[in-house]
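Colleague: Questions regarding the structure given below will be posed in turn.
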Amino acid sequence: MNINELEHIIRAACAITGEDNIVIIGSQAILASFPNSSLLEKLTQSIEADVFYLNEKSQELTDLIDGTIGELSIFQDTFGVYAHGVGKETAILPKGWETRLVKLKNENTYGYTGLCLDPYDLCVSKLFAYRKKDLEYVSAMLKNNLLETDILSERINSVSDNDEKKQLALTFICNMKK
């Protein structure tokens, strides 16, 4: 997925639901922070954008997204990308993540706003998921100097509970420094 495709998903999702903004929490969120980086091509190969809304109707709206511009929809058939409605609880995120969301709002989004996880919060969620593809994602971010390990470690430590997952994530970061 590229920045234009993510902007299309933002405008379609908001137009369908009547909401002014949508949160992007998956891998594609990185496009808001680095929209033109060729380093991200491998990191943004997925054709799916994980999205949800920050309101009391979130589940109803994400179900609407899945049914209209989700996987196997006419939208996907036509444009080659799709939105996947998820719950806020899908990702384990560090304290204060809501205050660090990166806004993607421009003429291509028709004034709608994509609220994208910042790169550090995105990578914390990936480290807590601890799947091979997520570790490869974080590794690529670190190897390309798109993250500072000290800030990433601080964010990991700010996650409530999950001590075992915290330790795994911190060990992974420590091993990347070597």
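Chain labels run A, B, ... following the order of the structure tokens; each chain numbers its residues from 1, and ligands are numbered from 1 in the order shown.
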Taking 3 positions as the minimum chain separation for residues in the same chain, which residues sit within 10 Å of Leu6 of chain A when counting only C-alpha atoms? Answer as a list in words.

Modeller: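 Those residues are Met1, Asn2, Ile3, Ile9, Ile10, Arg11, Ala12, Ile24, Gln28, Ala29, Leu31, Ala32, Ile47, Glu48, Ala49, Val81, Tyr82, Ala83, Leu104, Asn108, Thr109 and Gly114 of chain A.
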
Colleague: Counting only C-alpha atoms, which residues in segment 30-126 of chain A sit no more than 12 Å from segment 133-150 of chain A? For each one, give the nearest pair of atoms and the distance in Å, sorted by chain then residue number, as CSV.

Modeller:
residue,atom,partner,partner_atom,distance
A:Ile30,CA,A:Met141,CA,10.2
A:Ser33,CA,A:Leu146,CA,10.2
A:Phe34,CA,A:Leu146,CA,9.3
A:Ser37,CA,A:Leu146,CA,10.4
A:Ser38,CA,A:Asn144,CA,10.9
A:Leu39,CA,A:Asn144,CA,7.4
A:Leu40,CA,A:Met141,CA,8.5
A:Glu41,CA,A:Ala140,CA,10.9
A:Lys42,CA,A:Tyr137,CA,8.7
A:Leu43,CA,A:Tyr137,CA,6.2
A:Thr44,CA,A:Tyr137,CA,9.5
A:Gln45,CA,A:Tyr137,CA,11.0
A:Ser46,CA,A:Lys133,CA,11.2
A:Asp118,CA,A:Leu147,CA,10.7
A:Pro119,CA,A:Leu147,CA,7.5
A:Tyr120,CA,A:Leu147,CA,7.0
A:Asp121,CA,A:Leu147,CA,10.8
A:Leu122,CA,A:Val138,CA,9.0
A:Cys123,CA,A:Val138,CA,5.8
A:Val124,CA,A:Val138,CA,8.6
A:Ser125,CA,A:Asp134,CA,8.8
A:Lys126,CA,A:Asp134,CA,5.0

Colleague: What gap, in Å, lies between atom CA of Tyr110 of chain A and atom CA of Trp97 of chain A?

Modeller: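 Computed distance, atom CA of Tyr110 of chain A to atom CA of Trp97 of chain A, equals 25.3 Å.
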
Colleague: Would you kindly return, as a compact mmCIF listing (two decimals) with C-alpha atoms, in the first residue's frame, each protein, DNA or RNA residue with an atom no farther than 12 Å from any atom of Lys165 of chain A, considering only C-alpha atoms and excluding same-chain residues fewer than 3 positions away?

Modeller:
# COMPACT_ATOMS: atom_id res chain seq x y z
CA ILE A 92 -1.26 -3.38 23.11
CA VAL A 124 5.58 -1.25 20.55
CA SER A 125 2.33 -2.88 19.42
CA LYS A 126 4.29 -5.06 17.02
CA LEU A 127 6.80 -6.06 19.69
CA PHE A 128 4.00 -7.05 22.05
CA ALA A 129 2.35 -9.11 19.29
CA TYR A 130 5.78 -10.75 18.84
CA ARG A 131 5.00 -12.50 15.56
CA ILE A 156 7.73 -0.34 26.05
CA ASN A 157 8.20 0.35 29.75
CA VAL A 159 2.78 -0.29 28.90
CA SER A 160 0.60 -1.34 31.83
CA ASP A 161 1.04 -4.92 33.02
CA ASN A 162 2.30 -7.51 30.51
CA LEU A 168 10.64 -10.07 25.53
CA ALA A 169 10.34 -6.72 23.75
CA LEU A 170 13.19 -5.14 25.71
CA THR A 171 15.42 -8.17 25.09
CA PHE A 172 14.68 -7.92 21.36

Colleague: List every residue of segment 64-112 of chain A that DSSP, applied to the backbone of this structure, assigns to alpha helix (DSSP H), and report them as a ChimeraX atom specification.

Modeller: /A:64-69,74-79

Colleague: May I have the selected residues written with N, CA and C atoms, as a tab-separated table (two decimals), in the first residue's frame?

Modeller:
chain	number	residue	atom	x	y	z
A	64	LEU	N	-19.43	-1.95	9.66
A	64	LEU	CA	-19.84	-1.32	8.41
A	64	LEU	C	-18.65	-1.24	7.44
A	65	ILE	N	-17.49	-0.88	7.95
A	65	ILE	CA	-16.27	-0.81	7.13
A	65	ILE	C	-15.95	-2.18	6.54
A	66	ASP	N	-15.96	-3.21	7.38
A	66	ASP	CA	-15.66	-4.56	6.90
A	66	ASP	C	-16.62	-4.98	5.79
A	67	GLY	N	-17.87	-4.61	5.92
A	67	GLY	CA	-18.87	-5.01	4.94
A	67	GLY	C	-18.84	-4.23	3.64
A	68	THR	N	-18.28	-3.02	3.67
A	68	THR	CA	-18.32	-2.18	2.46
A	68	THR	C	-16.97	-2.03	1.76
A	69	ILE	N	-15.90	-1.83	2.54
A	69	ILE	CA	-14.58	-1.66	1.92
A	69	ILE	C	-13.57	-2.63	2.52
A	74	ILE	N	-16.08	-5.30	-3.15
A	74	ILE	CA	-15.93	-4.70	-4.48
A	74	ILE	C	-14.81	-3.65	-4.43
A	75	PHE	N	-14.70	-2.96	-3.30
A	75	PHE	CA	-13.63	-1.97	-3.11
A	75	PHE	C	-12.27	-2.63	-3.31
A	76	GLN	N	-12.05	-3.77	-2.65
A	76	GLN	CA	-10.77	-4.47	-2.80
A	76	GLN	C	-10.58	-4.94	-4.23
A	77	ASP	N	-11.62	-5.49	-4.83
A	77	ASP	CA	-11.52	-5.95	-6.22
A	77	ASP	C	-11.15	-4.81	-7.16
A	78	THR	N	-11.71	-3.64	-6.89
A	78	THR	CA	-11.49	-2.49	-7.76
A	78	THR	C	-10.14	-1.81	-7.53
A	79	PHE	N	-9.78	-1.63	-6.26
A	79	PHE	CA	-8.60	-0.83	-5.94
A	79	PHE	C	-7.39	-1.63	-5.43

Colleague: Rounded to one decimal in Å, what is the spacing between atom CA of Arg100 of chain A and atom CA of Leu115 of chain A?

Modeller: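 That distance, rounded to one decimal, is 9.3 Å.
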
Colleague: So how far away is atom CA of Glu56 of chain A from atom CA of Glu7 of chain A, in Å?

Modeller: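 Computing the Euclidean distance for atom CA of Glu7 of chain A and atom CA of Glu56 of chain A yields 24.1 Å.
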
Colleague: Could you check the closest approach to Lys103 of chain A for each of A:Glu19, A:Pro35, A:Thr90, A:Gly85 and tell me which residue wins, using only C-alpha atoms?

Modeller: A:Pro35

Colleague: Compile the contact shell of Thr62 of chain A as a PyMOL selection string: residues with an atom at most 10 Å away, counting only C-alpha atoms, same-chain residues fewer than 4 positions apart removed.

Modeller: chain A and resi 13+17+22+50-53+57-58+66-68+70+83-87
